[in-house]
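Participant: Here it is: the structure, laid out below.
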Amino acid sequence: MTAVAFRDTTAIVGIAQTEFSKHLVPTETELAARVIVDACADAGIDPSEINALCSYTMEATEEVEIARNVGAGDITYFSQIGYGGGAGCGVVGQAAMAVATGQAEVAVAWRSRKRGSGPRPWSNTSTQLAVPGQWTRPHGMLRPADEIAALTRRYMHQFGATRDHLANIAVAVRGHANRNPAAMMFEKQMTHEDYLAARWISEPLCLFDNCLETDGALACVIVSADRARDCPHPPAYVHAFAQGLPAQHQTMVNFFNEDPLLGPAWACARRLWANAEFGPADVDVAQIYDAFTPLILLSLEGYGFCERGEAAGFTENGNLEWGKGSLPVNTSGGGLSEAYVHGFNLITEGVKQIRGSSTAQVEGAETCLVTGGEGVPTSALLLRR
């Protein structure tokens with residue numbers, strides 16, 4: 001693969017987030033408008049300069065409403081990315097490509113979501129029969145937790161992983177959330193024993209293997225590298241970006257492939273590292289999509305931090321923990337313990353690490369990997385100082 005002429009030509013210069021809660025009063029549109037205006041203020045840029053808008057297909061707020069409510073000027077680029085949690089890095093990547101190719105000068109990406117206060121989409125099975133769900137959900141596999149539980153059991157059987165390894169992940173990110181006053185689990189500590197005593201959700205996944213349900217919104221502002229140098233905060237340069245949808249993939253239920261555990265992370269990683277001038281060994285901190293703990297195991301292998309079957313061992317001895325391990329992961333608490341807003345908080349935390357402002361700051365962090373969801377068509381970013 002040949003690297004694209006994209007490295008470090010754009011940067012994230014503004015970030016913002018609302019409070020995270022099980023229930024926020026404002027509408028999703030109000031929350032989105034608020035964080036976009038706040039992200040522009042963080043970047044030292046007037047919202048009237050925004051001319052690119054990038055979001056998720058699952059985003060309930062529309063470009064027309066956002067542009068009018070934040071006071072944007074003429075919009076010359078707008079796009080959306082599908083597949084929920086796989087979209088976050090793709091949304092930012094497309095915004096960066098719009099700026100890099102001259103389609104826009106100031107791009108905004110955002111996610112506004114009120115899942116904490118409902119409704120729960122998995123309670124209505126009549127809407128869940130699209131392919132491939134029509135082959136699994138009539139037989140009782142109704143929720144993403146059930147689908148990922150099946151892949152987890154396969155991983156355990158094939159590579160000898162145990163619930164203790166999943167606990168290593170859950171306890172590590174909870175510890176990071178305990179350092180982060182914005183995290184929903186800030187004051188709720190968890191031990192290894194607490195994890196093992198938790199109730200089942202879909203065996204082998206227990207309560208603490210599952211992400212939170214959160215109301216909240218986040219946004220970031222992307223400009224050219226030249227302009228970024230004049231913004232108030234240290235730029236987080238978008239060094240590389242990739243998306244991945246492997247051949248013959250079945251979204252969330254990749255059970256029918258010859259190797260169900262070779263998911264989208266592998267396809268995405270090949271392109272990402274081909275587009276970068278450094279590799280996994282040079283990543284100082286990682287924000288890995290964590291709707292479920294086992295997704296981190298699959299992504300650690302897919303993105304090349306360890307060999308096939310070695311991710312479980314990679315979690316041992318506090319290796320994912322701030323101040324202790326070789327690869328601190330999800331240093332804000334991630335989707336498991338900070339907030340679940342389809343992974344956008346992983347992006348803003350990556351920017352904070354590059355700025356040096358994280359509540360679990362990795363000393364001297366120069367590079368950060370951010371990933372979208374494994375199990376669905378996905379995306380990833382490499383940020384650098």
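Ligands are numbered from 1 in the order shown, chains are lettered A, B, ... in the order of the structure tokens, and residues start at 1 in each chain.
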Mind running region 257-291 of chain A against region 202-225 of chain A at 12 Å and telling me each contacting residue's nearest atom pair with the distance in Å (one decimal), counting only C-alpha atoms, chain and number ascending, as JSON lines?

Facilitator:
```
{"residue": "A:Tyr289", "atom": "CA", "partner": "A:Cys211", "partner_atom": "CA", "distance": 10.1}
{"residue": "A:Asp290", "atom": "CA", "partner": "A:Cys211", "partner_atom": "CA", "distance": 7.0}
{"residue": "A:Ala291", "atom": "CA", "partner": "A:Cys211", "partner_atom": "CA", "distance": 4.8}
```

Participant: For those residues, write N, CA and C atoms to a file as a compact mmCIF listing (two decimals), in the first residue's frame.

Facilitator:
```txt
# COMPACT_ATOMS: atom_id res chain seq x y z
N TYR A 289 -11.99 1.63 21.25
CA TYR A 289 -13.45 1.57 21.39
C TYR A 289 -13.86 0.42 22.31
N ASP A 290 -14.69 0.74 23.30
CA ASP A 290 -14.97 -0.23 24.36
C ASP A 290 -16.46 -0.27 24.72
N ALA A 291 -17.31 -0.51 23.74
CA ALA A 291 -18.70 -0.78 24.08
C ALA A 291 -18.79 -2.04 24.94
```

Participant: Can you pull out the residues contacting Val92 (chain A)? Cut-off 10 Å, using only C-alpha atoms, and skip same-chain residues under 6 positions away; I want them as a list in words.

Facilitator: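 My reading of the contact set: Ile12, Leu53, Cys54, Ser55, Ile81, Ala98, Ala107, Val108, Ala109, Trp110, Ala219, Cys220, Val221, Ile222, Val238, Phe241, Phe344, Ile347, Ser379, Ala380 and Leu381 of chain A.
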
Participant: Can you pull out every residue within 6 Å of His239 (chain A), counting only C-alpha atoms, but drop anything in the same chain fewer than 2 positions away, and send it as a list in words?

Facilitator: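 Once the nearby chain positions are removed, what remains is Arg7, Asp8, Tyr237, Leu382 and Leu383 of chain A.
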
Participant: Would you mind telling me which residue in A:Glu28, A:Asp146, A:Glu19, A:Glu338 lies nearest to Phe186 (chain A) when using only C-alpha atoms?

Facilitator: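 Closest candidate: A:Glu338.
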
Participant: Quick one: of A:Ala242, A:Val362, A:Ala228, A:Val173, who's nearest to Ser332 (chain A), counting only C-alpha atoms?

Facilitator: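 Closest candidate: A:Val173.
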
Participant: With only C-alpha atoms as the counted atoms, please give the residues lying no more than 12 Å from Ile288 (chain A), apart from itself and same-chain residues fewer than 3 positions off, as a count of residues only.

Facilitator: 53

Participant: Which value, in Å to one decimal, gives the distance between CA of Gly116 (chain A) and CA of Ala32 (chain A)?

Facilitator: 15.9 Å

Participant: Which parts of region 62-131 of chain A does DSSP call alpha helix (DSSP H) when run on the backbone here, written out as a PDB file with N, CA and C atoms, in the first residue's frame?

Facilitator:
```pdb
ATOM      1  N   GLU A  63     -27.828  18.747   9.456  1.00  0.00           N
ATOM      2  CA  GLU A  63     -26.905  19.835   9.104  1.00  0.00           C
ATOM      3  C   GLU A  63     -27.615  21.177   8.989  1.00  0.00           C
ATOM      4  N   VAL A  64     -28.803  21.182   8.391  1.00  0.00           N
ATOM      5  CA  VAL A  64     -29.537  22.445   8.199  1.00  0.00           C
ATOM      6  C   VAL A  64     -29.824  23.099   9.541  1.00  0.00           C
ATOM      7  N   GLU A  65     -30.270  22.290  10.511  1.00  0.00           N
ATOM      8  CA  GLU A  65     -30.581  22.826  11.830  1.00  0.00           C
ATOM      9  C   GLU A  65     -29.320  23.287  12.551  1.00  0.00           C
ATOM     10  N   ILE A  66     -28.269  22.495  12.445  1.00  0.00           N
ATOM     11  CA  ILE A  66     -27.019  22.845  13.126  1.00  0.00           C
ATOM     12  C   ILE A  66     -26.440  24.131  12.551  1.00  0.00           C
ATOM     13  N   ALA A  67     -26.343  24.208  11.234  1.00  0.00           N
ATOM     14  CA  ALA A  67     -25.752  25.393  10.601  1.00  0.00           C
ATOM     15  C   ALA A  67     -26.497  26.656  10.990  1.00  0.00           C
ATOM     16  N   ARG A  68     -27.824  26.575  10.986  1.00  0.00           N
ATOM     17  CA  ARG A  68     -28.612  27.763  11.313  1.00  0.00           C
ATOM     18  C   ARG A  68     -28.482  28.137  12.784  1.00  0.00           C
ATOM     19  N   ASN A  69     -28.488  27.144  13.662  1.00  0.00           N
ATOM     20  CA  ASN A  69     -28.487  27.427  15.099  1.00  0.00           C
ATOM     21  C   ASN A  69     -27.135  27.883  15.627  1.00  0.00           C
ATOM     22  N   VAL A  70     -26.042  27.459  15.004  1.00  0.00           N
ATOM     23  CA  VAL A  70     -24.732  27.903  15.490  1.00  0.00           C
ATOM     24  C   VAL A  70     -24.266  29.159  14.776  1.00  0.00           C
ATOM     25  N   GLY A  88     -17.013   7.080  14.514  1.00  0.00           N
ATOM     26  CA  GLY A  88     -16.447   8.286  15.108  1.00  0.00           C
ATOM     27  C   GLY A  88     -15.175   8.783  14.452  1.00  0.00           C
ATOM     28  N   CYS A  89     -14.186   7.907  14.326  1.00  0.00           N
ATOM     29  CA  CYS A  89     -12.930   8.321  13.700  1.00  0.00           C
ATOM     30  C   CYS A  89     -13.137   8.623  12.220  1.00  0.00           C
ATOM     31  N   GLY A  90     -14.094   7.928  11.587  1.00  0.00           N
ATOM     32  CA  GLY A  90     -14.409   8.203  10.194  1.00  0.00           C
ATOM     33  C   GLY A  90     -14.986   9.591  10.001  1.00  0.00           C
ATOM     34  N   VAL A  91     -15.814  10.020  10.934  1.00  0.00           N
ATOM     35  CA  VAL A  91     -16.400  11.362  10.877  1.00  0.00           C
ATOM     36  C   VAL A  91     -15.296  12.417  10.937  1.00  0.00           C
ATOM     37  N   VAL A  92     -14.372  12.245  11.880  1.00  0.00           N
ATOM     38  CA  VAL A  92     -13.258  13.191  12.003  1.00  0.00           C
ATOM     39  C   VAL A  92     -12.330  13.081  10.798  1.00  0.00           C
ATOM     40  N   GLY A  93     -12.089  11.850  10.328  1.00  0.00           N
ATOM     41  CA  GLY A  93     -11.231  11.670   9.163  1.00  0.00           C
ATOM     42  C   GLY A  93     -11.779  12.350   7.925  1.00  0.00           C
ATOM     43  N   GLN A  94     -13.088  12.246   7.697  1.00  0.00           N
ATOM     44  CA  GLN A  94     -13.670  12.916   6.528  1.00  0.00           C
ATOM     45  C   GLN A  94     -13.606  14.430   6.670  1.00  0.00           C
ATOM     46  N   ALA A  95     -13.807  14.932   7.891  1.00  0.00           N
ATOM     47  CA  ALA A  95     -13.663  16.371   8.109  1.00  0.00           C
ATOM     48  C   ALA A  95     -12.241  16.820   7.785  1.00  0.00           C
ATOM     49  N   ALA A  96     -11.261  16.017   8.222  1.00  0.00           N
ATOM     50  CA  ALA A  96      -9.866  16.355   7.947  1.00  0.00           C
ATOM     51  C   ALA A  96      -9.574  16.299   6.452  1.00  0.00           C
ATOM     52  N   MET A  97     -10.132  15.305   5.750  1.00  0.00           N
ATOM     53  CA  MET A  97      -9.912  15.222   4.307  1.00  0.00           C
ATOM     54  C   MET A  97     -10.551  16.397   3.578  1.00  0.00           C
ATOM     55  N   ALA A  98     -11.702  16.861   4.073  1.00  0.00           N
ATOM     56  CA  ALA A  98     -12.337  18.029   3.449  1.00  0.00           C
ATOM     57  C   ALA A  98     -11.432  19.249   3.530  1.00  0.00           C
ATOM     58  N   VAL A  99     -10.796  19.431   4.687  1.00  0.00           N
ATOM     59  CA  VAL A  99      -9.883  20.566   4.847  1.00  0.00           C
ATOM     60  C   VAL A  99      -8.616  20.351   4.026  1.00  0.00           C
ATOM     61  N   ALA A 100      -8.078  19.135   4.067  1.00  0.00           N
ATOM     62  CA  ALA A 100      -6.814  18.845   3.367  1.00  0.00           C
ATOM     63  C   ALA A 100      -6.954  19.007   1.861  1.00  0.00           C
TER      64      ALA A 100
END
```

Participant: For CA of Asp230 (chain A) and CA of Thr9 (chain A), determine how far apart the two atoms are, in Å to one decimal place.

Facilitator: 14.5 Å

Participant: Residues at most 12 Å from Thr162 (chain A), counting only C-alpha atoms, excluding those fewer than 5 positions away in the same chain, as an MDAnalysis selection string?

Facilitator: chainID A and resid 152:157 167:169 196 204:205 294 297 311:313 315:316

Participant: Convert the current residue selection to file output with C-alpha atoms, as a PDB file, in the first residue's frame.

Facilitator:
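Contents of selection_39.pdb, freshly written:
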```pdb
ATOM      1  CA  THR A 152     -16.089 -13.657  23.230  1.00  0.00           C
ATOM      2  CA  ARG A 153     -16.829 -17.303  23.963  1.00  0.00           C
ATOM      3  CA  ARG A 154     -15.093 -18.251  20.700  1.00  0.00           C
ATOM      4  CA  TYR A 155     -12.054 -16.175  21.701  1.00  0.00           C
ATOM      5  CA  MET A 156     -11.938 -17.801  25.130  1.00  0.00           C
ATOM      6  CA  HIS A 157     -12.217 -21.280  23.640  1.00  0.00           C
ATOM      7  CA  ALA A 167     -11.686  -7.920  34.535  1.00  0.00           C
ATOM      8  CA  ASN A 168      -8.208  -6.503  33.885  1.00  0.00           C
ATOM      9  CA  ILE A 169      -9.713  -4.263  31.217  1.00  0.00           C
ATOM     10  CA  LEU A 196     -16.325 -11.140  39.262  1.00  0.00           C
ATOM     11  CA  PRO A 204     -19.676 -14.691  29.579  1.00  0.00           C
ATOM     12  CA  LEU A 205     -20.292 -10.919  29.757  1.00  0.00           C
ATOM     13  CA  PRO A 294     -13.631  -8.036  24.707  1.00  0.00           C
ATOM     14  CA  LEU A 297      -8.819  -7.696  23.189  1.00  0.00           C
ATOM     15  CA  ALA A 311      -4.135  -9.915  23.939  1.00  0.00           C
ATOM     16  CA  ALA A 312      -5.399 -11.606  27.101  1.00  0.00           C
ATOM     17  CA  GLY A 313      -1.849 -11.874  28.420  1.00  0.00           C
ATOM     18  CA  THR A 315      -3.757  -7.082  29.850  1.00  0.00           C
ATOM     19  CA  GLU A 316      -1.943  -8.663  32.794  1.00  0.00           C
TER      20      GLU A 316
END
```

Participant: For a quick check of understanding, using only C-alpha atoms, which of A:Lys188, A:Arg111, A:Arg227, A:His176 has the smallest distance to Gly323 (chain A)?

Facilitator: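 Using only C-alpha atoms, Gly323 (chain A) sits closest to A:His176.
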
Participant: Got a sec: who's within 9 Å of Cys40 (chain A), counting only C-alpha atoms, leaving out chain neighbours fewer than 2 positions off, as a PyMOL selection string?

Facilitator: chain A and resi 13-16+35-38+42-47+50+108+220-221

Participant: Figure out the distance between CA of Thr10 (chain A) and CA of Pro235 (chain A), please, to one decimal in Å.

Facilitator: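 Rounded to one decimal, the two atoms are 9.0 Å apart.
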
Participant: Give the answer as one residue: which of A:Ala170, A:Ala5, A:Ala60, A:Leu24 has the shortest atom-to-atom distance to Ala274 (chain A), using only C-alpha atoms?

Facilitator: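 Nearest to Ala274 (chain A): A:Ala5.
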
Participant: In region 87-289 of chain A, what's strand (DSSP E or B) per DSSP? Answer as number ranges by chain?

Facilitator: A: 107-114, 200-202, 205-206, 210, 215-224, 236-244, 285-287
